[in-house]
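Everything below concerns the one structure shown next.
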Amino acid sequence: MVRRRLRCDRWRQPMADASKTNPQGVERLGYLGLGLMGTPMTRRLLKAGHQVAVWNRSEGKVAPLVAAGAKRAATPRDMLANADIVFMCVTDAAAVEEVIFGPDGLAAAPGAGRLVVDFSSIHPDAARDLATRLKDANGAGWIDAPVSGGTKGAEEGTLAIMAGGEAADIERARPYVLHMARRFTHMGPIGAGQTTKLCNQVIVGCAMAVLAEATRLASNAGIDAGRLPEALAGGFADSIPLQLFVPRMVQGIHSPPLGHIATMLKDLDTVADVAQATSTPVPMATLAGQIFRLAKAARGADADALEIYKLSATDR
């Protein structure tokens with residue numbers, strides 16, 4: 001009896017605040033950043049029956065989730081003070097910095113036993129720096145866990161999430177993450193998830209550029225470009241991007257966007273930076289980055305990334 005009591009006390013000690021409100025050991029969740037990805041990911045957590053607090057810089061994105069059962073957090077600090085695991089998906093490293101170390105940020109709350117899971121795509125060096133500073137500030141743990149699969153994957157729970165962090169933290173977060181994703185792969189220490197996402201973006205960014213080129217060639221040559229996915233299905237050119245991107249390009253479907261031009265360009269610029277630091281040649285990713293830079297100038301930063309197809313239109 002004594003041995004059992006000691007073991008239970010030891011288990012509860014790091015999460016003392018959580019045990020007061022969750023005697024069954026169910027983790028209280030929070031989600032910061034309710035954009036294209038954050039909103040559908042939060043909805044999946046709510047549908048799975050989890051208690052989720054939400055916060056966003058603009059209140060308009062909070063209200064629909066509160067109506068769906070989420071709890072409104074007044075500030076990021078308030079959220080971490082009342083949650084065990086906080087998920088986050090914001091625009092870039094500057095936004096992550098603001099949420100953590102800005103006024104009433106996560107760093108101002110007690111962090112011992114808490115875990116922050118960052119779904120944002122940022123520089124691996126920034127992930128390591130932010131994780132270290134947060135740990136020093138309040139003791140909170142960190143997982144960098146960028147996502148791939150776009151808004152469709154977020155809505156359907158089929159995202160691929162690549163993670164960096166401590167193995168125990170990964171396993172702690174896994175049951176909750178798998179309500180939002182099909183795969184949650186531990187790639188190594190903090191920063192490894194972000195590096196893996198850069199590899200993903202090399203492939204996706206180049207695929208978007210190449211598929212736009214092939215689709216335009218088909219159209220200009222007088223064949224039905226919309227039938228390319230059907231014609232190439234099962235061959236060496238077949239892929240998820242082929243089946244998903246080409247119909248949207250041909251039909252001009254850009255709302256909701258699969259991702260913004262500015263986001264893809266940010267990631268490809270980060271690829272170039274890491275490639276330089278590691279002496280890695282990335283000629284194809286560099287070219288894709290320049291194409292997206294042209295697309296940003298022509299279509300706008302917030303345009304759907306697949307609008308690169310319009311760059312080669314004669315009537316644009």
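If you're wondering about the labels, chains in the structure tokens are A, B, ... by order shown, residues count from 1 in each chain, ligands from 1 in order shown.
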Can you list, as JSON, numbers by chain, every protein, DNA or RNA residue that comes within 12 Å of Gly153 in chain A when you count only C-alpha atoms, leaving out same-chain residues fewer than 2 positions away?
{"A": [36, 37, 38, 40, 41, 44, 147, 148, 149, 150, 151, 155, 156, 157, 158, 159, 160, 161, 179, 180, 181, 182, 183, 240, 244, 258, 259]}
Can those selected residues be exported to a file as a compact mmCIF listing (two decimals), in the first residue's frame so that it contains C-alpha atoms?
```txt
# COMPACT_ATOMS: atom_id res chain seq x y z
CA LEU A 36 -5.99 27.89 -42.05
CA MET A 37 -4.45 24.97 -40.17
CA GLY A 38 -5.16 25.75 -36.53
CA PRO A 40 -9.59 22.59 -38.43
CA MET A 41 -6.98 20.95 -36.20
CA ARG A 44 -10.73 17.65 -34.60
CA VAL A 147 3.00 19.75 -40.53
CA SER A 148 2.46 18.73 -44.14
CA GLY A 149 -0.80 18.03 -45.90
CA GLY A 150 -2.39 21.44 -46.25
CA THR A 151 -5.86 22.49 -45.23
CA GLU A 155 -9.72 18.95 -42.03
CA GLU A 156 -9.52 15.20 -42.64
CA GLY A 157 -6.92 14.39 -39.97
CA THR A 158 -4.47 13.01 -42.54
CA LEU A 159 -1.55 15.33 -41.88
CA ALA A 160 2.04 14.13 -41.75
CA ILE A 161 3.79 15.67 -38.74
CA HIS A 179 -6.47 13.01 -33.66
CA MET A 180 -5.11 15.63 -36.06
CA ALA A 181 -2.66 13.63 -38.15
CA ARG A 182 -2.14 10.27 -39.77
CA ARG A 183 1.58 10.20 -38.99
CA ILE A 240 -0.47 12.94 -54.47
CA LEU A 244 -4.41 17.19 -56.00
CA LEU A 258 -3.78 24.97 -49.92
CA GLY A 259 -1.13 27.35 -48.65
```
Ranking A:His260, A:His186, A:His123, A:Lys61 by minimum distance to Ala94 in chain A and counting only C-alpha atoms, which one comes first?
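Among A:His260, A:His186, A:His123, A:Lys61, it is A:His123 that comes nearest to Ala94 in chain A.
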Identify, on the basis of only C-alpha atoms, every residue whose closest approach to Ile203 in chain A does not exceed 12 Å; exclude the query and any residue fewer than 2 positions from it along the same chain; express the result as number ranges by chain.
A: 148, 196-201, 205-211, 239-241, 264, 267-268, 271, 282, 284-286, 288-289
Would you write out those residues with N, CA, C and O atoms, as an mmCIF file, in the first residue's frame?
```cif
data_model
loop_
_atom_site.group_PDB
_atom_site.id
_atom_site.type_symbol
_atom_site.label_atom_id
_atom_site.label_comp_id
_atom_site.auth_asym_id
_atom_site.auth_seq_id
_atom_site.Cartn_x
_atom_site.Cartn_y
_atom_site.Cartn_z
ATOM 1 N N SER A 148 2.608 18.764 -42.685
ATOM 2 C CA SER A 148 2.465 18.731 -44.136
ATOM 3 C C SER A 148 1.141 18.072 -44.467
ATOM 4 O O SER A 148 0.721 17.119 -43.804
ATOM 5 N N THR A 196 13.360 18.365 -41.183
ATOM 6 C CA THR A 196 12.599 17.423 -42.006
ATOM 7 C C THR A 196 11.550 18.160 -42.836
ATOM 8 O O THR A 196 11.320 17.826 -44.006
ATOM 9 N N LYS A 197 10.910 19.167 -42.235
ATOM 10 C CA LYS A 197 9.914 19.942 -42.978
ATOM 11 C C LYS A 197 10.566 20.668 -44.155
ATOM 12 O O LYS A 197 9.964 20.799 -45.235
ATOM 13 N N LEU A 198 11.795 21.125 -43.990
ATOM 14 C CA LEU A 198 12.487 21.774 -45.103
ATOM 15 C C LEU A 198 12.692 20.791 -46.256
ATOM 16 O O LEU A 198 12.541 21.163 -47.428
ATOM 17 N N CYS A 199 13.033 19.549 -45.925
ATOM 18 C CA CYS A 199 13.159 18.524 -46.973
ATOM 19 C C CYS A 199 11.821 18.333 -47.679
ATOM 20 O O CYS A 199 11.756 18.190 -48.913
ATOM 21 N N ASN A 200 10.752 18.326 -46.902
ATOM 22 C CA ASN A 200 9.405 18.230 -47.460
ATOM 23 C C ASN A 200 9.126 19.378 -48.418
ATOM 24 O O ASN A 200 8.586 19.195 -49.520
ATOM 25 N N GLN A 201 9.517 20.591 -48.026
ATOM 26 C CA GLN A 201 9.225 21.761 -48.844
ATOM 27 C C GLN A 201 10.076 21.817 -50.101
ATOM 28 O O GLN A 201 9.646 22.388 -51.112
ATOM 29 N N GLY A 205 7.648 22.259 -53.054
ATOM 30 C CA GLY A 205 7.833 23.491 -53.815
ATOM 31 C C GLY A 205 8.249 23.215 -55.248
ATOM 32 O O GLY A 205 7.726 23.824 -56.191
ATOM 33 N N CYS A 206 9.185 22.291 -55.412
ATOM 34 C CA CYS A 206 9.614 21.927 -56.767
ATOM 35 C C CYS A 206 8.480 21.237 -57.523
ATOM 36 O O CYS A 206 8.303 21.466 -58.729
ATOM 37 N N ALA A 207 7.704 20.403 -56.820
ATOM 38 C CA ALA A 207 6.585 19.719 -57.475
ATOM 39 C C ALA A 207 5.557 20.717 -57.983
ATOM 40 O O ALA A 207 5.022 20.569 -59.095
ATOM 41 N N MET A 208 5.249 21.739 -57.186
ATOM 42 C CA MET A 208 4.294 22.754 -57.634
ATOM 43 C C MET A 208 4.787 23.437 -58.907
ATOM 44 O O MET A 208 4.014 23.639 -59.857
ATOM 45 N N ALA A 209 6.067 23.786 -58.923
ATOM 46 C CA ALA A 209 6.620 24.471 -60.096
ATOM 47 C C ALA A 209 6.622 23.558 -61.318
ATOM 48 O O ALA A 209 6.256 23.984 -62.427
ATOM 49 N N VAL A 210 7.012 22.309 -61.137
ATOM 50 C CA VAL A 210 7.078 21.368 -62.253
ATOM 51 C C VAL A 210 5.681 21.024 -62.767
ATOM 52 O O VAL A 210 5.449 20.946 -63.991
ATOM 53 N N LEU A 211 4.724 20.824 -61.866
ATOM 54 C CA LEU A 211 3.367 20.496 -62.290
ATOM 55 C C LEU A 211 2.710 21.673 -63.000
ATOM 56 O O LEU A 211 1.932 21.480 -63.946
ATOM 57 N N SER A 239 1.475 10.870 -58.379
ATOM 58 C CA SER A 239 1.795 11.293 -57.010
ATOM 59 C C SER A 239 0.581 11.983 -56.421
ATOM 60 O O SER A 239 -0.347 12.370 -57.147
ATOM 61 N N ILE A 240 0.593 12.172 -55.115
ATOM 62 C CA ILE A 240 -0.470 12.945 -54.474
ATOM 63 C C ILE A 240 -0.497 14.375 -55.011
ATOM 64 O O ILE A 240 -1.573 14.894 -55.332
ATOM 65 N N PRO A 241 0.656 15.058 -55.147
ATOM 66 C CA PRO A 241 0.613 16.404 -55.736
ATOM 67 C C PRO A 241 0.003 16.431 -57.129
ATOM 68 O O PRO A 241 -0.772 17.335 -57.455
ATOM 69 N N MET A 264 5.240 29.391 -48.630
ATOM 70 C CA MET A 264 6.149 28.545 -49.397
ATOM 71 C C MET A 264 7.470 29.259 -49.646
ATOM 72 O O MET A 264 8.554 28.658 -49.530
ATOM 73 N N ASP A 267 9.649 29.221 -46.556
ATOM 74 C CA ASP A 267 10.271 27.916 -46.328
ATOM 75 C C ASP A 267 11.414 27.665 -47.308
ATOM 76 O O ASP A 267 12.468 27.131 -46.921
ATOM 77 N N LEU A 268 11.236 28.027 -48.558
ATOM 78 C CA LEU A 268 12.300 27.810 -49.545
ATOM 79 C C LEU A 268 13.490 28.731 -49.289
ATOM 80 O O LEU A 268 14.641 28.351 -49.538
ATOM 81 N N VAL A 271 15.334 26.952 -46.636
ATOM 82 C CA VAL A 271 16.097 25.868 -47.260
ATOM 83 C C VAL A 271 17.433 26.403 -47.774
ATOM 84 O O VAL A 271 18.500 25.807 -47.530
ATOM 85 N N VAL A 282 21.510 22.988 -53.681
ATOM 86 C CA VAL A 282 20.055 22.859 -53.853
ATOM 87 C C VAL A 282 19.612 23.671 -55.079
ATOM 88 O O VAL A 282 18.800 24.596 -54.957
ATOM 89 N N MET A 284 17.605 23.009 -57.629
ATOM 90 C CA MET A 284 16.190 22.948 -57.982
ATOM 91 C C MET A 284 15.346 23.749 -56.992
ATOM 92 O O MET A 284 14.436 24.484 -57.387
ATOM 93 N N ALA A 285 15.646 23.616 -55.709
ATOM 94 C CA ALA A 285 14.897 24.365 -54.701
ATOM 95 C C ALA A 285 15.147 25.859 -54.839
ATOM 96 O O ALA A 285 14.236 26.673 -54.615
ATOM 97 N N THR A 286 16.364 26.223 -55.217
ATOM 98 C CA THR A 286 16.679 27.642 -55.420
ATOM 99 C C THR A 286 15.864 28.220 -56.572
ATOM 100 O O THR A 286 15.314 29.326 -56.476
ATOM 101 N N ALA A 288 12.979 27.010 -57.692
ATOM 102 C CA ALA A 288 11.586 27.065 -57.248
ATOM 103 C C ALA A 288 11.347 28.294 -56.380
ATOM 104 O O ALA A 288 10.311 28.965 -56.484
ATOM 105 N N GLY A 289 12.317 28.629 -55.540
ATOM 106 C CA GLY A 289 12.186 29.806 -54.697
ATOM 107 C C GLY A 289 12.066 31.081 -55.520
ATOM 108 O O GLY A 289 11.262 31.972 -55.199
#
```
I'd like to know which of A:Phe236, A:Thr314, A:Gly35, A:Ala70 is closest to His50 in chain A, using only C-alpha atoms.
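The closest residue to His50 in chain A is A:Ala70.
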DSSP helix (DSSP H, G or I) residues within range 43-257 of chain A, listed as a ChimeraX atom specification:
/A:43-47,59-61,63-67,76-81,93-101,106-108,124-138,150-156,167-177,192-220,225-232,240-251
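Distances from A:Arg114, A:Arg227, A:Arg43, A:Lys266 to Lys135 in chain A were compared using only C-alpha atoms, and the smallest one belongs to A:Arg114.
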Measuring between only C-alpha atoms, which one of A:Arg133, A:Asp125, A:Tyr176, A:Asp304 shows the shortest distance to Val52 in chain A?
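Under the stated criterion, the closest residue is A:Tyr176.
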Go ahead and compute the interatomic distance for CA of Asp302 in chain A and CA of Val246 in chain A, in Å to one decimal.
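Computing the Euclidean distance for CA of Asp302 in chain A and CA of Val246 in chain A yields 20.0 Å.
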Given the choices A:Lys71, A:Arg172, A:Arg77, A:Arg128, which gets closest to Pro110 in chain A if the distance is worked out from only C-alpha atoms?
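When distances to Pro110 in chain A are compared using only C-alpha atoms, the smallest one comes from A:Arg77.
In terms of minimum interatomic distance to Gly102 in chain A, A:Thr75 ranks closest within A:Thr75, A:Ala154, A:Gly165, A:Asn82, counting only C-alpha atoms.
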Write out as a tab-separated table (two decimals) with N, CA and C atoms, in the first residue's frame the residues lying within 10 Å of Ala93 in chain A, counting only C-alpha atoms and excluding same-chain residues fewer than 6 positions away.
```
chain	number	residue	atom	x	y	z
A	99	VAL	N	4.33	35.26	-29.22
A	99	VAL	CA	3.41	34.46	-28.41
A	99	VAL	C	4.08	33.95	-27.13
A	120	SER	N	4.25	25.33	-36.14
A	120	SER	CA	4.70	26.34	-37.10
A	120	SER	C	5.93	25.83	-37.86
A	121	SER	N	6.14	26.39	-39.06
A	121	SER	CA	7.34	26.08	-39.83
A	121	SER	C	8.31	27.24	-39.68
A	122	ILE	N	9.40	27.01	-38.94
A	122	ILE	CA	10.39	28.05	-38.69
A	122	ILE	C	11.79	27.47	-38.90
A	123	HIS	N	12.79	28.33	-38.82
A	123	HIS	CA	14.17	27.89	-38.99
A	123	HIS	C	14.54	26.93	-37.86
A	126	ALA	N	16.06	28.66	-34.99
A	126	ALA	CA	15.08	29.42	-34.19
A	126	ALA	C	14.35	28.49	-33.24
A	127	ALA	N	14.00	27.29	-33.70
A	127	ALA	CA	13.31	26.33	-32.83
A	127	ALA	C	14.17	25.97	-31.63
A	130	LEU	N	14.42	29.13	-29.25
A	130	LEU	CA	13.18	29.40	-28.52
A	130	LEU	C	12.93	28.35	-27.45
```
Can you tell me, as a JSON list (two decimals) with N, CA and C atoms, in the first residue's frame, which residues in range 110-278 of chain A count as strand (DSSP E) by DSSP?
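That gives us selection.json:
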```
[["chain", "number", "residue", "atom", "x", "y", "z"],
["A", 115, "LEU", "N", 3.97, 21.27, -21.61],
["A", 115, "LEU", "CA", 4.61, 20.94, -22.88],
["A", 115, "LEU", "C", 4.04, 21.82, -23.98],
["A", 116, "VAL", "N", 4.92, 22.45, -24.76],
["A", 116, "VAL", "CA", 4.52, 23.26, -25.91],
["A", 116, "VAL", "C", 4.87, 22.50, -27.18],
["A", 117, "VAL", "N", 3.89, 22.32, -28.05],
["A", 117, "VAL", "CA", 4.09, 21.63, -29.32],
["A", 117, "VAL", "C", 3.87, 22.66, -30.43],
["A", 118, "ASP", "N", 4.94, 23.01, -31.12],
["A", 118, "ASP", "CA", 4.88, 24.06, -32.13],
["A", 118, "ASP", "C", 4.73, 23.46, -33.53],
["A", 141, "GLY", "N", 8.55, 22.17, -21.49],
["A", 141, "GLY", "CA", 9.16, 21.37, -22.54],
["A", 141, "GLY", "C", 8.74, 21.84, -23.92],
["A", 142, "TRP", "N", 9.41, 21.32, -24.94],
["A", 142, "TRP", "CA", 9.17, 21.80, -26.30],
["A", 142, "TRP", "C", 9.27, 20.66, -27.30],
["A", 143, "ILE", "N", 8.36, 20.65, -28.26],
["A", 143, "ILE", "CA", 8.45, 19.79, -29.44],
["A", 143, "ILE", "C", 8.28, 20.68, -30.66],
["A", 144, "ASP", "N", 9.22, 20.62, -31.61],
["A", 144, "ASP", "CA", 8.99, 21.29, -32.88],
["A", 144, "ASP", "C", 8.37, 20.25, -33.81],
["A", 147, "VAL", "N", 3.99, 20.64, -39.92],
["A", 147, "VAL", "CA", 3.00, 19.75, -40.53],
["A", 147, "VAL", "C", 3.06, 19.83, -42.05],
["A", 148, "SER", "N", 2.61, 18.76, -42.68],
["A", 148, "SER", "CA", 2.46, 18.73, -44.14],
["A", 148, "SER", "C", 1.14, 18.07, -44.47],
["A", 159, "LEU", "N", -2.83, 14.64, -41.82],
["A", 159, "LEU", "CA", -1.55, 15.33, -41.88],
["A", 159, "LEU", "C", -0.38, 14.40, -41.58],
["A", 160, "ALA", "N", 0.77, 14.74, -42.14],
["A", 160, "ALA", "CA", 2.04, 14.13, -41.75],
["A", 160, "ALA", "C", 2.76, 15.16, -40.88],
["A", 161, "ILE", "N", 3.12, 14.77, -39.67],
["A", 161, "ILE", "CA", 3.79, 15.67, -38.74],
["A", 161, "ILE", "C", 5.13, 15.08, -38.37],
["A", 162, "MET", "N", 6.17, 15.87, -38.55],
["A", 162, "MET", "CA", 7.54, 15.44, -38.27],
["A", 162, "MET", "C", 8.05, 16.19, -37.06],
["A", 163, "ALA", "N", 8.59, 15.46, -36.08],
["A", 163, "ALA", "CA", 8.82, 16.08, -34.78],
["A", 163, "ALA", "C", 10.26, 15.98, -34.30],
["A", 164, "GLY", "N", 10.66, 17.03, -33.56],
["A", 164, "GLY", "CA", 11.94, 17.03, -32.88],
["A", 164, "GLY", "C", 11.71, 17.28, -31.40],
["A", 181, "ALA", "N", -3.60, 14.06, -37.12],
["A", 181, "ALA", "CA", -2.66, 13.63, -38.15],
["A", 181, "ALA", "C", -2.70, 12.13, -38.34],
["A", 182, "ARG", "N", -2.26, 11.70, -39.51],
["A", 182, "ARG", "CA", -2.14, 10.27, -39.77],
["A", 182, "ARG", "C", -0.79, 9.74, -39.30],
["A", 183, "ARG", "N", 0.23, 10.60, -39.39],
["A", 183, "ARG", "CA", 1.58, 10.20, -38.99],
["A", 183, "ARG", "C", 2.20, 11.25, -38.08],
["A", 184, "PHE", "N", 2.90, 10.78, -37.07],
["A", 184, "PHE", "CA", 3.62, 11.64, -36.13],
["A", 184, "PHE", "C", 4.97, 10.97, -35.90],
["A", 185, "THR", "N", 5.98, 11.44, -36.60],
["A", 185, "THR", "CA", 7.27, 10.74, -36.65],
["A", 185, "THR", "C", 8.33, 11.50, -35.87],
["A", 186, "HIS", "N", 8.96, 10.83, -34.93],
["A", 186, "HIS", "CA", 10.05, 11.43, -34.15],
["A", 186, "HIS", "C", 11.33, 11.36, -34.98],
["A", 187, "MET", "N", 11.86, 12.52, -35.35],
["A", 187, "MET", "CA", 13.02, 12.58, -36.23],
["A", 187, "MET", "C", 14.33, 12.85, -35.51],
["A", 188, "GLY", "N", 14.28, 13.17, -34.20],
["A", 188, "GLY", "CA", 15.51, 13.44, -33.48],
["A", 188, "GLY", "C", 15.30, 14.54, -32.45]]
```
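Across the model, the gap from CA of Arg57 in chain A to CA of Gly191 in chain A is 25.8 Å.
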Excluding Leu228 in chain A and any residue of its chain fewer than 3 positions from it, enumerate the residues within 12 Å of it, using only C-alpha atoms, and give them as a list in words.
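With the cut-off at 12 Å, the set is Leu211, Ala212, Ala214, Thr215, Arg216, Leu217, Ala218, Ser219, Ile223, Asp224, Ala225, Ala231, Leu232, Ala233, Gly234, Gly235, Ala237, Asp238, Ser239, Pro241, Leu242, Gln243, Leu244, Phe245, Val246, Pro247, Met249 and Val250 of chain A.
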Can you tell me how far CA of Pro76 in chain A sits from CA of Asp169 in chain A, in Å to one decimal?
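Spanning CA of Pro76 in chain A to CA of Asp169 in chain A is a straight-line distance of 20.6 Å.
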